[in-house]
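To start, the structure under review is shown below, and the notes come after it.
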Amino acid sequence: MATNIGMMDGAYFVGRSEILSWINTTLHLNLSKVEEACSGAVHCQLMDSVHPGMVPMHKVNFDAKSEYEMIQNYKVLQDVFNKLKITKHIEVSKLVKGRPLDNLEFMQWMKRYCDSVNGGGLHSYNPVERREASKGGKEASKKSAPQPSSTKGSTAAPRPTSSHARRNSNDVPSSVNPSNQPAKAPSKPSTSVAAYDEQITELKLSVDSLEKERDFYFAKLRDIEILCQTPEIEDSPIVAAIKRILYATDGDASVVTEAQAMLSLDPKEAEALSPIAEASEEKSGSETQKRKNILNTDVDAAGIITLSPRQRLTDASDVHCSGSPLMTY
């Protein structure tokens, strides 16, 4: 039974049309958009279909319009999750806004979960009967039920029209001849508008999905960069190779080859190829020069201190003899 599903799971690649077909078939509804289920009532009944009797359907409101009423439905759903020990987090604040992508992702998870329970099979479940106990459930069933009156009217309408046309065939103006029928043209724009709306919805879903995927991978790269800056491992060859890839300015494939070569080289050679090699070399050179100067000063001082008393006296006498006028004769 799947409760926590990763973002790269196949469940999140199920299309919107397949989700809608699954909902309408399972619950005998007639939804045209996934975001129409944002009230949470559909989710509650989907859980009731796989766990009969677990959901108190009398607390579910299919006629929820405001966010407050929708939140009550999600509270019922959360109670069911707690009873079944499902750890899935419900982002109520996003779902009640009716955004297509958020509702699609949660419904994709719902389908995966329902399919994992008893293979997704429903055992003598009557969704219409169970929905009658809910507020607005009867109205939702009526909207989804087919209307035979419309079909009868469409078949019975031509009869009086044809008889009336026969009686008054001479009174019909020439503009109503079957050859001149531009009146049916307005049906085409409505069809094209619906097609454009569907395309716009698909593009919005695609853009939202790409943005979410971009933010996901950017956060991963940022975490890797922070880890590479840890002082304990910052100077290791593997971290230097990772930085080489992270900080590459072009998309050349040779960057990966160079990073692999850095792993096979000695630490000193790998450090020479790292992005911060020049700065580290300058810093190390200056420190080495300082150490040499300090060492020379210490050696001179040590040489003076280590002279014996006799050597000091000899040096002093040499100085006095060379400078005294009495020693000239």
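Scheme for the structure tokens: letters A, B, ... for chains in order shown; per-chain residue numbers from 1; ligand numbers from 1 in order shown.
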Next item on the list: Would you please give, as a PyMOL selection string, all residues of segment 11-77 of chain A that DSSP assigns to alpha helix (DSSP H) based on the backbone?
Entry: chain A and resi 16-27+41-50+67-77
Next item on the list: Write out as an MDAnalysis selection string which residues come within 9 Å of Ile90 of chain A when counting only C-alpha atoms, dropping same-chain ones fewer than 2 positions away.
Entry: chainID A and resid 74 78 88 92:93 95 106
